[in-house]
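Colleague: Quick one, work.pdb (PDB, C-alpha atoms and all ligand atoms):
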MODEL        1
ATOM      1  CA  MET A   1     -49.330  22.170 -58.297
ATOM      2  CA  GLU A   2     -47.870  18.908 -59.564
ATOM      3  CA  SER A   3     -50.045  16.553 -61.560
ATOM      4  CA  PHE A   4     -50.734  13.023 -60.372
ATOM      5  CA  GLY A   5     -48.804  11.731 -63.400
ATOM      6  CA  THR A   6     -45.724  13.684 -62.313
ATOM      7  CA  ARG A   7     -46.026  12.475 -58.709
ATOM      8  CA  LEU A   8     -46.557   8.884 -59.811
ATOM      9  CA  HIS A   9     -43.565   9.017 -62.151
ATOM     10  CA  ARG A  10     -41.366  10.249 -59.285
ATOM     11  CA  ALA A  11     -42.688   7.672 -56.801
ATOM     12  CA  VAL A  12     -42.063   4.826 -59.249
ATOM     13  CA  THR A  13     -38.579   6.129 -60.042
ATOM     14  CA  GLU A  14     -37.698   6.341 -56.343
ATOM     15  CA  ARG A  15     -39.493   3.261 -54.975
ATOM     16  CA  GLY A  16     -39.979   1.001 -57.970
ATOM     17  CA  PRO A  17     -42.943   0.074 -60.164
ATOM     18  CA  LEU A  18     -45.281  -1.528 -57.657
ATOM     19  CA  CYS A  19     -48.728  -1.111 -56.176
ATOM     20  CA  VAL A  20     -49.676  -3.197 -53.135
ATOM     21  CA  GLY A  21     -53.308  -3.611 -52.154
ATOM     22  CA  ILE A  22     -54.716  -3.572 -48.640
ATOM     23  CA  ASP A  23     -57.465  -6.187 -48.928
ATOM     24  CA  PRO A  24     -58.383  -7.409 -45.427
ATOM     25  CA  HIS A  25     -60.326 -10.513 -46.495
ATOM     26  CA  PRO A  26     -61.963 -12.397 -43.584
ATOM     27  CA  GLY A  27     -59.666 -15.339 -44.421
ATOM     28  CA  LEU A  28     -56.574 -13.141 -44.196
ATOM     29  CA  LEU A  29     -57.656 -11.709 -40.837
ATOM     30  CA  ALA A  30     -57.991 -15.305 -39.581
ATOM     31  CA  ARG A  31     -54.623 -16.277 -41.078
ATOM     32  CA  TRP A  32     -53.022 -13.325 -39.272
ATOM     33  CA  GLY A  33     -54.672 -14.408 -35.983
ATOM     34  CA  LEU A  34     -56.935 -11.350 -35.957
ATOM     35  CA  PRO A  35     -60.641 -11.177 -35.157
ATOM     36  CA  ASP A  36     -63.053 -10.494 -38.018
ATOM     37  CA  ASP A  37     -64.127  -7.179 -36.530
ATOM     38  CA  VAL A  38     -63.176  -3.505 -36.493
ATOM     39  CA  ASP A  39     -60.284  -4.090 -34.117
ATOM     40  CA  GLY A  40     -58.890  -6.812 -36.405
ATOM     41  CA  LEU A  41     -59.329  -4.518 -39.421
ATOM     42  CA  ASP A  42     -57.477  -1.705 -37.650
ATOM     43  CA  ARG A  43     -54.564  -3.923 -36.611
ATOM     44  CA  PHE A  44     -54.323  -5.427 -40.093
ATOM     45  CA  ALA A  45     -54.214  -2.025 -41.790
ATOM     46  CA  ARG A  46     -51.708  -0.605 -39.263
ATOM     47  CA  THR A  47     -49.397  -3.584 -39.813
ATOM     48  CA  VAL A  48     -49.418  -3.095 -43.582
ATOM     49  CA  VAL A  49     -48.775   0.630 -43.166
ATOM     50  CA  GLY A  50     -45.909  -0.003 -40.716
ATOM     51  CA  ALA A  51     -44.289  -2.604 -42.950
ATOM     52  CA  LEU A  52     -44.738  -1.083 -46.400
ATOM     53  CA  ALA A  53     -45.844   2.544 -46.541
ATOM     54  CA  ASP A  54     -42.306   3.946 -46.467
ATOM     55  CA  ARG A  55     -41.110   1.786 -49.376
ATOM     56  CA  VAL A  56     -43.917   0.999 -51.842
ATOM     57  CA  ALA A  57     -44.756   3.602 -54.506
ATOM     58  CA  VAL A  58     -48.529   3.108 -54.495
ATOM     59  CA  VAL A  59     -50.763   1.482 -51.881
ATOM     60  CA  LYS A  60     -54.307   0.534 -52.890
ATOM     61  CA  PRO A  61     -56.799   0.048 -50.067
ATOM     62  CA  GLN A  62     -59.810  -1.935 -51.282
ATOM     63  CA  SER A  63     -62.730   0.116 -49.956
ATOM     64  CA  ALA A  64     -65.144  -2.856 -49.824
ATOM     65  CA  PHE A  65     -63.220  -4.545 -47.017
ATOM     66  CA  PHE A  66     -63.475  -1.395 -44.885
ATOM     67  CA  GLU A  67     -67.082  -0.560 -45.820
ATOM     68  CA  ARG A  68     -68.272  -3.981 -44.659
ATOM     69  CA  PHE A  69     -67.774  -2.780 -41.064
ATOM     70  CA  GLY A  70     -69.955   0.319 -41.576
ATOM     71  CA  ALA A  71     -69.081   3.756 -40.244
ATOM     72  CA  ARG A  72     -66.305   2.467 -37.979
ATOM     73  CA  GLY A  73     -64.706   0.603 -40.903
ATOM     74  CA  VAL A  74     -64.821   3.751 -43.015
ATOM     75  CA  GLY A  75     -63.247   5.600 -40.081
ATOM     76  CA  ILE A  76     -60.366   3.126 -40.180
ATOM     77  CA  LEU A  77     -60.081   3.623 -43.936
ATOM     78  CA  GLU A  78     -59.851   7.362 -43.280
ATOM     79  CA  SER A  79     -57.025   6.970 -40.757
ATOM     80  CA  THR A  80     -55.260   4.372 -42.955
ATOM     81  CA  ILE A  81     -55.273   6.833 -45.854
ATOM     82  CA  ARG A  82     -53.777   9.518 -43.599
ATOM     83  CA  GLN A  83     -51.049   7.199 -42.266
ATOM     84  CA  LEU A  84     -50.125   6.026 -45.779
ATOM     85  CA  ARG A  85     -49.806   9.566 -47.096
ATOM     86  CA  ASP A  86     -47.755  10.629 -44.049
ATOM     87  CA  CYS A  87     -45.258   7.861 -44.952
ATOM     88  CA  GLY A  88     -44.955   9.115 -48.529
ATOM     89  CA  ALA A  89     -46.944   6.396 -50.303
ATOM     90  CA  LEU A  90     -49.373   7.457 -53.011
ATOM     91  CA  VAL A  91     -52.848   6.210 -52.133
ATOM     92  CA  LEU A  92     -55.002   4.730 -54.876
ATOM     93  CA  LEU A  93     -58.422   3.982 -53.384
ATOM     94  CA  ASP A  94     -60.063   1.044 -55.163
ATOM     95  CA  VAL A  95     -63.741   2.079 -55.113
ATOM     96  CA  LYS A  96     -64.703   1.594 -58.785
ATOM     97  CA  ARG A  97     -67.205   4.449 -58.735
ATOM     98  CA  GLY A  98     -69.388   5.470 -61.671
ATOM     99  CA  ASP A  99     -72.868   7.012 -62.109
ATOM    100  CA  ILE A 100     -74.698   9.795 -63.939
ATOM    101  CA  GLY A 101     -72.555  12.910 -64.131
ATOM    102  CA  SER A 102     -74.245  14.871 -61.325
ATOM    103  CA  THR A 103     -73.655  11.996 -58.893
ATOM    104  CA  VAL A 104     -70.139  11.426 -60.183
ATOM    105  CA  ALA A 105     -69.465  15.023 -59.146
ATOM    106  CA  ALA A 106     -70.314  14.040 -55.560
ATOM    107  CA  TYR A 107     -68.033  10.980 -55.718
ATOM    108  CA  ALA A 108     -65.306  13.224 -57.080
ATOM    109  CA  SER A 109     -65.651  15.631 -54.187
ATOM    110  CA  ALA A 110     -65.652  12.698 -51.710
ATOM    111  CA  TYR A 111     -62.291  11.358 -52.869
ATOM    112  CA  LEU A 112     -60.475  13.981 -54.940
ATOM    113  CA  ASP A 113     -61.164  17.234 -53.080
ATOM    114  CA  PRO A 114     -58.253  17.857 -50.697
ATOM    115  CA  SER A 115     -60.611  19.239 -48.031
ATOM    116  CA  GLY A 116     -62.486  15.912 -47.742
ATOM    117  CA  PRO A 117     -61.719  13.353 -45.013
ATOM    118  CA  LEU A 118     -61.354  10.551 -47.578
ATOM    119  CA  HIS A 119     -59.117  12.525 -49.929
ATOM    120  CA  VAL A 120     -56.701  10.234 -51.806
ATOM    121  CA  ASP A 121     -54.190  10.620 -54.623
ATOM    122  CA  ALA A 122     -56.260   8.592 -57.085
ATOM    123  CA  ILE A 123     -59.347   6.394 -57.371
ATOM    124  CA  THR A 124     -60.602   3.628 -59.628
ATOM    125  CA  ALA A 125     -63.701   4.357 -61.724
ATOM    126  CA  SER A 126     -66.173   2.329 -63.762
ATOM    127  CA  PRO A 127     -66.956   3.643 -67.289
ATOM    128  CA  TYR A 128     -70.136   1.656 -67.911
ATOM    129  CA  LEU A 129     -72.416   4.699 -67.711
ATOM    130  CA  GLY A 130     -70.232   6.162 -70.453
ATOM    131  CA  VAL A 131     -66.703   7.544 -70.104
ATOM    132  CA  GLY A 132     -68.199  11.034 -70.549
ATOM    133  CA  SER A 133     -70.206  10.615 -67.329
ATOM    134  CA  LEU A 134     -66.888  10.521 -65.444
ATOM    135  CA  ALA A 135     -65.988  14.043 -66.623
ATOM    136  CA  PRO A 136     -66.545  15.647 -63.163
ATOM    137  CA  MET A 137     -63.967  13.219 -61.748
ATOM    138  CA  PHE A 138     -61.465  14.020 -64.480
ATOM    139  CA  GLU A 139     -61.998  17.752 -63.940
ATOM    140  CA  LEU A 140     -61.597  17.688 -60.154
ATOM    141  CA  ALA A 141     -58.591  15.367 -60.444
ATOM    142  CA  ALA A 142     -56.936  17.777 -62.879
ATOM    143  CA  THR A 143     -57.700  20.745 -60.607
ATOM    144  CA  HIS A 144     -56.159  19.170 -57.512
ATOM    145  CA  GLY A 145     -53.371  16.976 -58.903
ATOM    146  CA  GLY A 146     -55.304  13.730 -58.520
ATOM    147  CA  GLY A 147     -55.621  10.689 -60.738
ATOM    148  CA  VAL A 148     -58.370   8.378 -62.001
ATOM    149  CA  PHE A 149     -57.871   4.772 -63.160
ATOM    150  CA  VAL A 150     -60.724   3.669 -65.431
ATOM    151  CA  LEU A 151     -61.622  -0.004 -65.886
ATOM    152  CA  ALA A 152     -60.828  -1.142 -69.421
ATOM    153  CA  LEU A 153     -60.012  -4.878 -69.492
ATOM    154  CA  THR A 154     -60.517  -6.291 -66.032
ATOM    155  CA  SER A 155     -58.740  -9.334 -64.628
ATOM    156  CA  ASN A 156     -61.889 -11.411 -63.957
ATOM    157  CA  PRO A 157     -63.109 -13.853 -66.631
ATOM    158  CA  GLU A 158     -66.668 -12.403 -66.595
ATOM    159  CA  GLY A 159     -65.442  -8.995 -67.776
ATOM    160  CA  ALA A 160     -64.699 -10.079 -71.338
ATOM    161  CA  ALA A 161     -68.348 -10.478 -72.413
ATOM    162  CA  VAL A 162     -69.002  -6.782 -71.836
ATOM    163  CA  GLN A 163     -65.579  -5.283 -72.427
ATOM    164  CA  ARG A 164     -64.760  -7.131 -75.651
ATOM    165  CA  ALA A 165     -68.230  -6.679 -77.205
ATOM    166  CA  ARG A 166     -68.096  -4.739 -80.477
ATOM    167  CA  THR A 167     -69.579  -1.273 -80.827
ATOM    168  CA  ALA A 168     -71.222   0.059 -84.003
ATOM    169  CA  ASP A 169     -67.877   1.282 -85.396
ATOM    170  CA  GLY A 170     -66.234  -2.138 -84.919
ATOM    171  CA  ARG A 171     -64.069  -1.230 -81.940
ATOM    172  CA  THR A 172     -64.527  -3.152 -78.710
ATOM    173  CA  VAL A 173     -66.112  -1.389 -75.736
ATOM    174  CA  ALA A 174     -62.703  -1.566 -74.040
ATOM    175  CA  GLN A 175     -60.973   0.041 -77.025
ATOM    176  CA  THR A 176     -63.416   2.974 -76.909
ATOM    177  CA  VAL A 177     -62.539   3.441 -73.208
ATOM    178  CA  ILE A 178     -58.817   3.200 -74.019
ATOM    179  CA  ASP A 179     -59.177   5.756 -76.828
ATOM    180  CA  GLU A 180     -61.107   8.261 -74.678
ATOM    181  CA  ILE A 181     -58.556   8.080 -71.871
ATOM    182  CA  SER A 182     -55.746   8.447 -74.427
ATOM    183  CA  GLN A 183     -57.324  11.736 -75.545
ATOM    184  CA  LEU A 184     -57.331  13.044 -71.965
ATOM    185  CA  ASN A 185     -53.607  12.308 -71.584
ATOM    186  CA  ARG A 186     -52.537  13.788 -74.915
ATOM    187  CA  GLY A 187     -49.339  15.833 -74.602
ATOM    188  CA  ALA A 188     -48.929  15.207 -70.850
ATOM    189  CA  GLU A 189     -45.375  14.802 -69.563
ATOM    190  CA  PRO A 190     -43.774  12.730 -68.143
ATOM    191  CA  ILE A 191     -47.037  10.763 -68.123
ATOM    192  CA  GLY A 192     -50.737  11.630 -67.914
ATOM    193  CA  SER A 193     -52.846  11.462 -64.752
ATOM    194  CA  PHE A 194     -55.592   9.282 -66.216
ATOM    195  CA  GLY A 195     -54.882   5.581 -66.062
ATOM    196  CA  LEU A 196     -56.501   2.380 -67.180
ATOM    197  CA  VAL A 197     -57.043  -0.912 -65.371
ATOM    198  CA  VAL A 198     -55.894  -3.815 -67.532
ATOM    199  CA  GLY A 199     -55.699  -7.217 -65.870
ATOM    200  CA  ALA A 200     -52.477  -9.216 -66.051
ATOM    201  CA  THR A 201     -54.610 -12.345 -66.540
ATOM    202  CA  ILE A 202     -56.136 -11.481 -69.927
ATOM    203  CA  GLY A 203     -53.419 -12.623 -72.366
ATOM    204  CA  ASP A 204     -52.885 -10.982 -75.739
ATOM    205  CA  THR A 205     -56.252  -9.455 -76.672
ATOM    206  CA  GLY A 206     -55.003  -7.289 -79.524
ATOM    207  CA  HIS A 207     -56.093  -4.008 -77.927
ATOM    208  CA  ASP A 208     -54.061  -0.945 -78.876
ATOM    209  CA  LEU A 209     -52.586   0.694 -75.747
ATOM    210  CA  SER A 210     -49.858   2.552 -77.619
ATOM    211  CA  LYS A 211     -51.412   6.035 -77.338
ATOM    212  CA  VAL A 212     -52.585   5.929 -73.700
ATOM    213  CA  ASN A 213     -49.703   8.026 -72.319
ATOM    214  CA  GLY A 214     -50.961   7.196 -68.842
ATOM    215  CA  PRO A 215     -50.390   4.530 -66.191
ATOM    216  CA  LEU A 216     -51.672   0.997 -66.768
ATOM    217  CA  LEU A 217     -52.651  -0.621 -63.471
ATOM    218  CA  ALA A 218     -52.238  -4.403 -63.746
ATOM    219  CA  PRO A 219     -54.116  -6.398 -61.085
ATOM    220  CA  GLY A 220     -54.522 -10.171 -61.290
ATOM    221  CA  LEU A 221     -50.926 -11.020 -60.375
ATOM    222  CA  GLY A 222     -50.303 -13.726 -57.786
ATOM    223  CA  ALA A 223     -53.579 -14.911 -56.240
ATOM    224  CA  GLN A 224     -55.537 -14.678 -59.522
ATOM    225  CA  GLY A 225     -52.905 -16.685 -61.353
ATOM    226  CA  ALA A 226     -50.967 -14.239 -63.502
ATOM    227  CA  THR A 227     -47.187 -13.988 -63.218
ATOM    228  CA  ALA A 228     -44.851 -11.075 -63.876
ATOM    229  CA  ALA A 229     -43.829 -12.802 -67.120
ATOM    230  CA  ASP A 230     -47.459 -12.524 -68.324
ATOM    231  CA  LEU A 231     -47.090  -8.739 -68.356
ATOM    232  CA  ARG A 232     -45.020  -9.099 -71.560
ATOM    233  CA  THR A 233     -47.868 -10.844 -73.376
ATOM    234  CA  VAL A 234     -50.582  -8.489 -72.162
ATOM    235  CA  PHE A 235     -48.775  -5.166 -72.554
ATOM    236  CA  GLY A 236     -46.170  -5.709 -75.306
ATOM    237  CA  SER A 237     -44.608  -2.396 -76.272
ATOM    238  CA  SER A 238     -46.498  -0.526 -73.509
ATOM    239  CA  LEU A 239     -44.633  -2.289 -70.679
ATOM    240  CA  SER A 240     -42.928   0.896 -69.508
ATOM    241  CA  SER A 241     -46.292   2.339 -68.385
ATOM    242  CA  VAL A 242     -47.355  -0.696 -66.365
ATOM    243  CA  LEU A 243     -47.938  -0.478 -62.620
ATOM    244  CA  PRO A 244     -48.145  -4.090 -61.381
ATOM    245  CA  SER A 245     -50.557  -4.582 -58.480
ATOM    246  CA  TYR A 246     -50.508  -7.361 -55.898
ATOM    247  CA  SER A 247     -52.731  -7.826 -52.842
ATOM    248  CA  ARG A 248     -53.027 -11.380 -51.441
ATOM    249  CA  GLU A 249     -49.676 -12.514 -52.861
ATOM    250  CA  VAL A 250     -47.980 -10.014 -50.530
ATOM    251  CA  LEU A 251     -50.512 -10.016 -47.670
ATOM    252  CA  ASN A 252     -50.320 -13.808 -47.315
ATOM    253  CA  ALA A 253     -46.772 -13.283 -45.974
ATOM    254  CA  GLY A 254     -48.047 -11.320 -42.924
ATOM    255  CA  PRO A 255     -48.448 -10.468 -40.158
ATOM    256  CA  ASP A 256     -44.673 -10.487 -39.674
ATOM    257  CA  GLU A 257     -43.487  -7.109 -40.983
ATOM    258  CA  ALA A 258     -40.104  -8.406 -42.172
ATOM    259  CA  ALA A 259     -41.880 -11.162 -44.112
ATOM    260  CA  LEU A 260     -44.222  -8.620 -45.724
ATOM    261  CA  ARG A 261     -41.210  -6.561 -46.772
ATOM    262  CA  ALA A 262     -39.477  -9.666 -48.146
ATOM    263  CA  ALA A 263     -42.593 -10.491 -50.185
ATOM    264  CA  VAL A 264     -42.564  -6.981 -51.624
ATOM    265  CA  ASP A 265     -38.868  -7.266 -52.491
ATOM    266  CA  ARG A 266     -39.551 -10.567 -54.254
ATOM    267  CA  VAL A 267     -42.476  -9.382 -56.413
ATOM    268  CA  LEU A 268     -40.761  -6.089 -57.164
ATOM    269  CA  ALA A 269     -37.658  -7.950 -58.391
ATOM    270  CA  ASP A 270     -39.861 -10.174 -60.589
ATOM    271  CA  CYS A 271     -41.575  -7.131 -62.086
ATOM    272  CA  ARG A 272     -38.368  -5.138 -62.581
ATOM    273  CA  ASP A 273     -36.898  -8.049 -64.571
ATOM    274  CA  VAL A 274     -39.835  -7.947 -66.958
ATOM    275  CA  LEU A 275     -40.449  -4.195 -67.120
ATOM    276  CA  ALA A 276     -36.768  -3.486 -67.812
ATOM    277  CA  ASP A 277     -36.970  -5.457 -71.103
TER     278      ASP A 277
HETATM  279  O1  LIG B 301     -59.681  -5.884 -62.957
HETATM  280  C1  LIG B 301     -59.541  -5.770 -61.727
HETATM  281  C2  LIG B 301     -59.733  -4.582 -61.057
HETATM  282  C3  LIG B 301     -59.498  -4.531 -59.710
HETATM  283  N1  LIG B 301     -59.093  -5.615 -59.016
HETATM  284  C4  LIG B 301     -58.850  -5.471 -57.558
HETATM  285  O2  LIG B 301     -57.463  -5.712 -57.307
HETATM  286  C5  LIG B 301     -57.307  -6.493 -56.130
HETATM  287  C6  LIG B 301     -56.717  -7.838 -56.509
HETATM  288  O3  LIG B 301     -56.410  -8.578 -55.353
HETATM  289  P1  LIG B 301     -55.496  -9.907 -55.407
HETATM  290  O4  LIG B 301     -55.507 -10.404 -54.005
HETATM  291  O5  LIG B 301     -54.113  -9.480 -55.851
HETATM  292  O6  LIG B 301     -56.140 -10.837 -56.368
HETATM  293  C7  LIG B 301     -58.691  -6.601 -55.506
HETATM  294  O7  LIG B 301     -58.859  -5.527 -54.601
HETATM  295  C8  LIG B 301     -59.627  -6.439 -56.691
HETATM  296  O8  LIG B 301     -60.866  -5.879 -56.311
HETATM  297  C9  LIG B 301     -58.900  -6.788 -59.678
HETATM  298  O9  LIG B 301     -58.525  -7.818 -59.095
HETATM  299  N2  LIG B 301     -59.121  -6.835 -61.017
ENDMDL
END
Give the structure from the file, written as C-alpha cells.
Ligand SMILES: O=c1ccn([C@@H]2O[C@H](COP(=O)(O)O)[C@@H](O)[C@H]2O)c(=O)[nH]1

Modeller:
Amino acid sequence: MESFGTRLHRAVTERGPLCVGIDPHPGLLARWGLPDDVDGLDRFARTVVGALADRVAVVKPQSAFFERFGARGVGILESTIRQLRDCGALVLLDVKRGDIGSTVAAYASAYLDPSGPLHVDAITASPYLGVGSLAPMFELAATHGGGVFVLALTSNPEGAAVQRARTADGRTVAQTVIDEISQLNRGAEPIGSFGLVVGATIGDTGHDLSKVNGPLLAPGLGAQGATAADLRTVFGSSLSSVLPSYSREVLNAGPDEAALRAAVDRVLADCRDVLAD
C-alpha cells in the first residue's frame, strides 16, 4: 500500500502544487444564485467537483459548511468526497479534530478507515490536547495510507498568542508541534505523510521547518490577504514542501465552470513561479 506522502508527491507532480477548498459560505451561495439550503449546497459542491476535480491535486472540503445543514449536509459531504476521489483528486477534509486519545481513535476511524462512509485521504487535526493525543490518528493513517495535517502556525491573527507562546525549554508551542511531526516523518521518501498547517499570512516568524520532511499546507492566500510571493518570506528554504491552499479566491469566480478553471490556472501559475525558485 502506498503512503499518503507518496500519493501526494505524485498528484502534485502530475497536477501541480495546489489545494482548492470547497467552502460554501452563505455569501458564496448567494453570489452563485443558489439558495442557502441543502439543495444549494449540493449544487455548489457538484459544480466545484465538475469544474476542478479532474485537474487539482488536492481538494479540501471545509466540513463546517456541510455540517451546518445537519445530517443531510453531511450526506452531501459524503457524496462530494466520493465524487472527488472518483475524479482522481486527493481529498483533504478540513475538520481540525483533536481530543483525548480514546476519542481521537474514534475520529480516526471516522475519517481514515477505508470502510467508513466519510473516508478521506487526509484530515486536519488540532494539537492543543498535546501532539501525543493524536497518536491514534497517526497510527491509523500509517496503516491505511492516509495523512494528517496538524495545525502549527495558523493564518488567523488570534493564533499567535497561543502558538508563539514559549514553553519551559524556550521553544514556542508551534516549534514543539513542528519538531514532533518532524520525528514522525523521519526517513520517509519521497515525503512523509504527516503535514503541518502554516498560514501564508504570518510573515517570517523564525520557526525552523527544515526537518519536517512532510507537506506544509499554506492557507490564507487570496481572501485572507496573503499573496503567492509571501510564501517566500514564510517558508524560505522549505518552499519545495509547500502546498498552497485557496478557497474563496477561486470560488468567487463561480458558478461558471470555465471561470473556475481559469481561476485555478491563474493561482497555480502564481504559485509555480514562486515555488520553482
Ligand atoms: O490556519 C488556517 C487553517 C485552516 N484554514 C481554512 O482554510 C480555508 C481558507 O479559506 P479562504 O477562503 O481561502 O480564506 C478555510 O476553510 C479555513 O477554515 C485557514 O484559513 N487557516

Colleague: Step by step, work through what the PyMOL selection byres (((not hetatm)) within 9 of (chain B and resi 301)) selects in the shown file, and finish by giving those residues as a PyMOL selection string.

Modeller: chain A and resi 20-23+25+60-65+94-96+124+151-156+159+197-201+217-225+245-251

Colleague: Write out the residues from the selection above, keeping C-alpha atoms, as a short mmCIF file (atom, residue, chain, number, x, y, z; two decimals), in the frame of the given file.

Modeller:
data_model
loop_
_atom_site.label_atom_id
_atom_site.label_comp_id
_atom_site.auth_asym_id
_atom_site.auth_seq_id
_atom_site.Cartn_x
_atom_site.Cartn_y
_atom_site.Cartn_z
CA VAL A 20 -49.68 -3.20 -53.14
CA GLY A 21 -53.31 -3.61 -52.15
CA ILE A 22 -54.72 -3.57 -48.64
CA ASP A 23 -57.46 -6.19 -48.93
CA HIS A 25 -60.33 -10.51 -46.50
CA LYS A 60 -54.31 0.53 -52.89
CA PRO A 61 -56.80 0.05 -50.07
CA GLN A 62 -59.81 -1.94 -51.28
CA SER A 63 -62.73 0.12 -49.96
CA ALA A 64 -65.14 -2.86 -49.82
CA PHE A 65 -63.22 -4.54 -47.02
CA ASP A 94 -60.06 1.04 -55.16
CA VAL A 95 -63.74 2.08 -55.11
CA LYS A 96 -64.70 1.59 -58.78
CA THR A 124 -60.60 3.63 -59.63
CA LEU A 151 -61.62 0.00 -65.89
CA ALA A 152 -60.83 -1.14 -69.42
CA LEU A 153 -60.01 -4.88 -69.49
CA THR A 154 -60.52 -6.29 -66.03
CA SER A 155 -58.74 -9.33 -64.63
CA ASN A 156 -61.89 -11.41 -63.96
CA GLY A 159 -65.44 -8.99 -67.78
CA VAL A 197 -57.04 -0.91 -65.37
CA VAL A 198 -55.89 -3.82 -67.53
CA GLY A 199 -55.70 -7.22 -65.87
CA ALA A 200 -52.48 -9.22 -66.05
CA THR A 201 -54.61 -12.34 -66.54
CA LEU A 217 -52.65 -0.62 -63.47
CA ALA A 218 -52.24 -4.40 -63.75
CA PRO A 219 -54.12 -6.40 -61.08
CA GLY A 220 -54.52 -10.17 -61.29
CA LEU A 221 -50.93 -11.02 -60.38
CA GLY A 222 -50.30 -13.73 -57.79
CA ALA A 223 -53.58 -14.91 -56.24
CA GLN A 224 -55.54 -14.68 -59.52
CA GLY A 225 -52.90 -16.68 -61.35
CA SER A 245 -50.56 -4.58 -58.48
CA TYR A 246 -50.51 -7.36 -55.90
CA SER A 247 -52.73 -7.83 -52.84
CA ARG A 248 -53.03 -11.38 -51.44
CA GLU A 249 -49.68 -12.51 -52.86
CA VAL A 250 -47.98 -10.01 -50.53
CA LEU A 251 -50.51 -10.02 -47.67
#

Colleague: Could you check how far CA of Asp113 (chain A) sits from CA of Gly145 (chain A), in Å to one decimal?

Modeller: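 Taking CA of Asp113 (chain A) as the start and CA of Gly145 (chain A) as the end point, the length is 9.7 Å.
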
Colleague: I want to know what sits within 10 Å of region 8-12 of chain A, based on all atoms listed in the file, with residues of the same chain fewer than 2 positions away left out; could you give that as a PyMOL selection string?

Modeller: chain A and resi 3-6+14-19+55-58+88-90+121+147+189-193+215+241+243

Colleague: CA of Pro35 (chain A) and CA of Gly75 (chain A), how far apart in Å?

Modeller: 17.7 Å

Colleague: Residue by residue, what does the PyMOL selection byres (((chain A and resi 107) around 10) and not hetatm) grab here? Present the result as number ranges by chain.

Modeller: A: 95, 97-99, 101-106, 108-113, 123, 125, 134, 136-137

Colleague: For the provided coordinates, the residues matched by the PyMOL selection byres (((chain A and resi 236-239) around 10) and not hetatm) should be stated as a PDB file with C-alpha atoms, in the frame of the given file.

Modeller:
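Result file follows (result_15.pdb):
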ATOM      1  CA  ASP A 204     -52.885 -10.982 -75.739  1.00  0.00           C
ATOM      2  CA  GLY A 206     -55.003  -7.289 -79.524  1.00  0.00           C
ATOM      3  CA  ASP A 208     -54.061  -0.945 -78.876  1.00  0.00           C
ATOM      4  CA  LEU A 209     -52.586   0.694 -75.747  1.00  0.00           C
ATOM      5  CA  SER A 210     -49.858   2.552 -77.619  1.00  0.00           C
ATOM      6  CA  LYS A 211     -51.412   6.035 -77.338  1.00  0.00           C
ATOM      7  CA  VAL A 212     -52.585   5.929 -73.700  1.00  0.00           C
ATOM      8  CA  ASN A 213     -49.703   8.026 -72.319  1.00  0.00           C
ATOM      9  CA  PRO A 215     -50.390   4.530 -66.191  1.00  0.00           C
ATOM     10  CA  LEU A 216     -51.672   0.997 -66.768  1.00  0.00           C
ATOM     11  CA  ASP A 230     -47.459 -12.524 -68.324  1.00  0.00           C
ATOM     12  CA  LEU A 231     -47.090  -8.739 -68.356  1.00  0.00           C
ATOM     13  CA  ARG A 232     -45.020  -9.099 -71.560  1.00  0.00           C
ATOM     14  CA  THR A 233     -47.868 -10.844 -73.376  1.00  0.00           C
ATOM     15  CA  VAL A 234     -50.582  -8.489 -72.162  1.00  0.00           C
ATOM     16  CA  PHE A 235     -48.775  -5.166 -72.554  1.00  0.00           C
ATOM     17  CA  SER A 240     -42.928   0.896 -69.508  1.00  0.00           C
ATOM     18  CA  SER A 241     -46.292   2.339 -68.385  1.00  0.00           C
ATOM     19  CA  VAL A 242     -47.355  -0.696 -66.365  1.00  0.00           C
ATOM     20  CA  LEU A 243     -47.938  -0.478 -62.620  1.00  0.00           C
ATOM     21  CA  VAL A 274     -39.835  -7.947 -66.958  1.00  0.00           C
ATOM     22  CA  LEU A 275     -40.449  -4.195 -67.120  1.00  0.00           C
ATOM     23  CA  ALA A 276     -36.768  -3.486 -67.812  1.00  0.00           C
ATOM     24  CA  ASP A 277     -36.970  -5.457 -71.103  1.00  0.00           C
TER      25      ASP A 277
END

Colleague: For Ala259 (chain A), which residue among A:Leu29, A:Val48, A:Leu41, A:Cys87 is the nearest when counting all atoms listed in the file?

Modeller: A:Val48

Colleague: How many Å separate CA of Gly73 (chain A) from CA of Gly146 (chain A)?

Modeller: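 Pair CA of Gly73 (chain A) / CA of Gly146 (chain A) returns 23.9 Å.
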
Colleague: Do you know which residues lie at most 12 Å from (-50.4, 10.5, -43.4), with coordinates as in the file and all atoms listed in the file counted, and could you write them as a PyMOL selection string?

Modeller: chain A and resi 46+49-50+53-54+77-91+117-121

Colleague: Select, counting only C-alpha atoms, all protein, DNA and RNA residues no farther than 12 Å from (-49.4, -17.1, -41.9) in file coordinates, and express the selection as a ChimeraX atom specification.

Modeller: /A:27-34,248-257,259-260
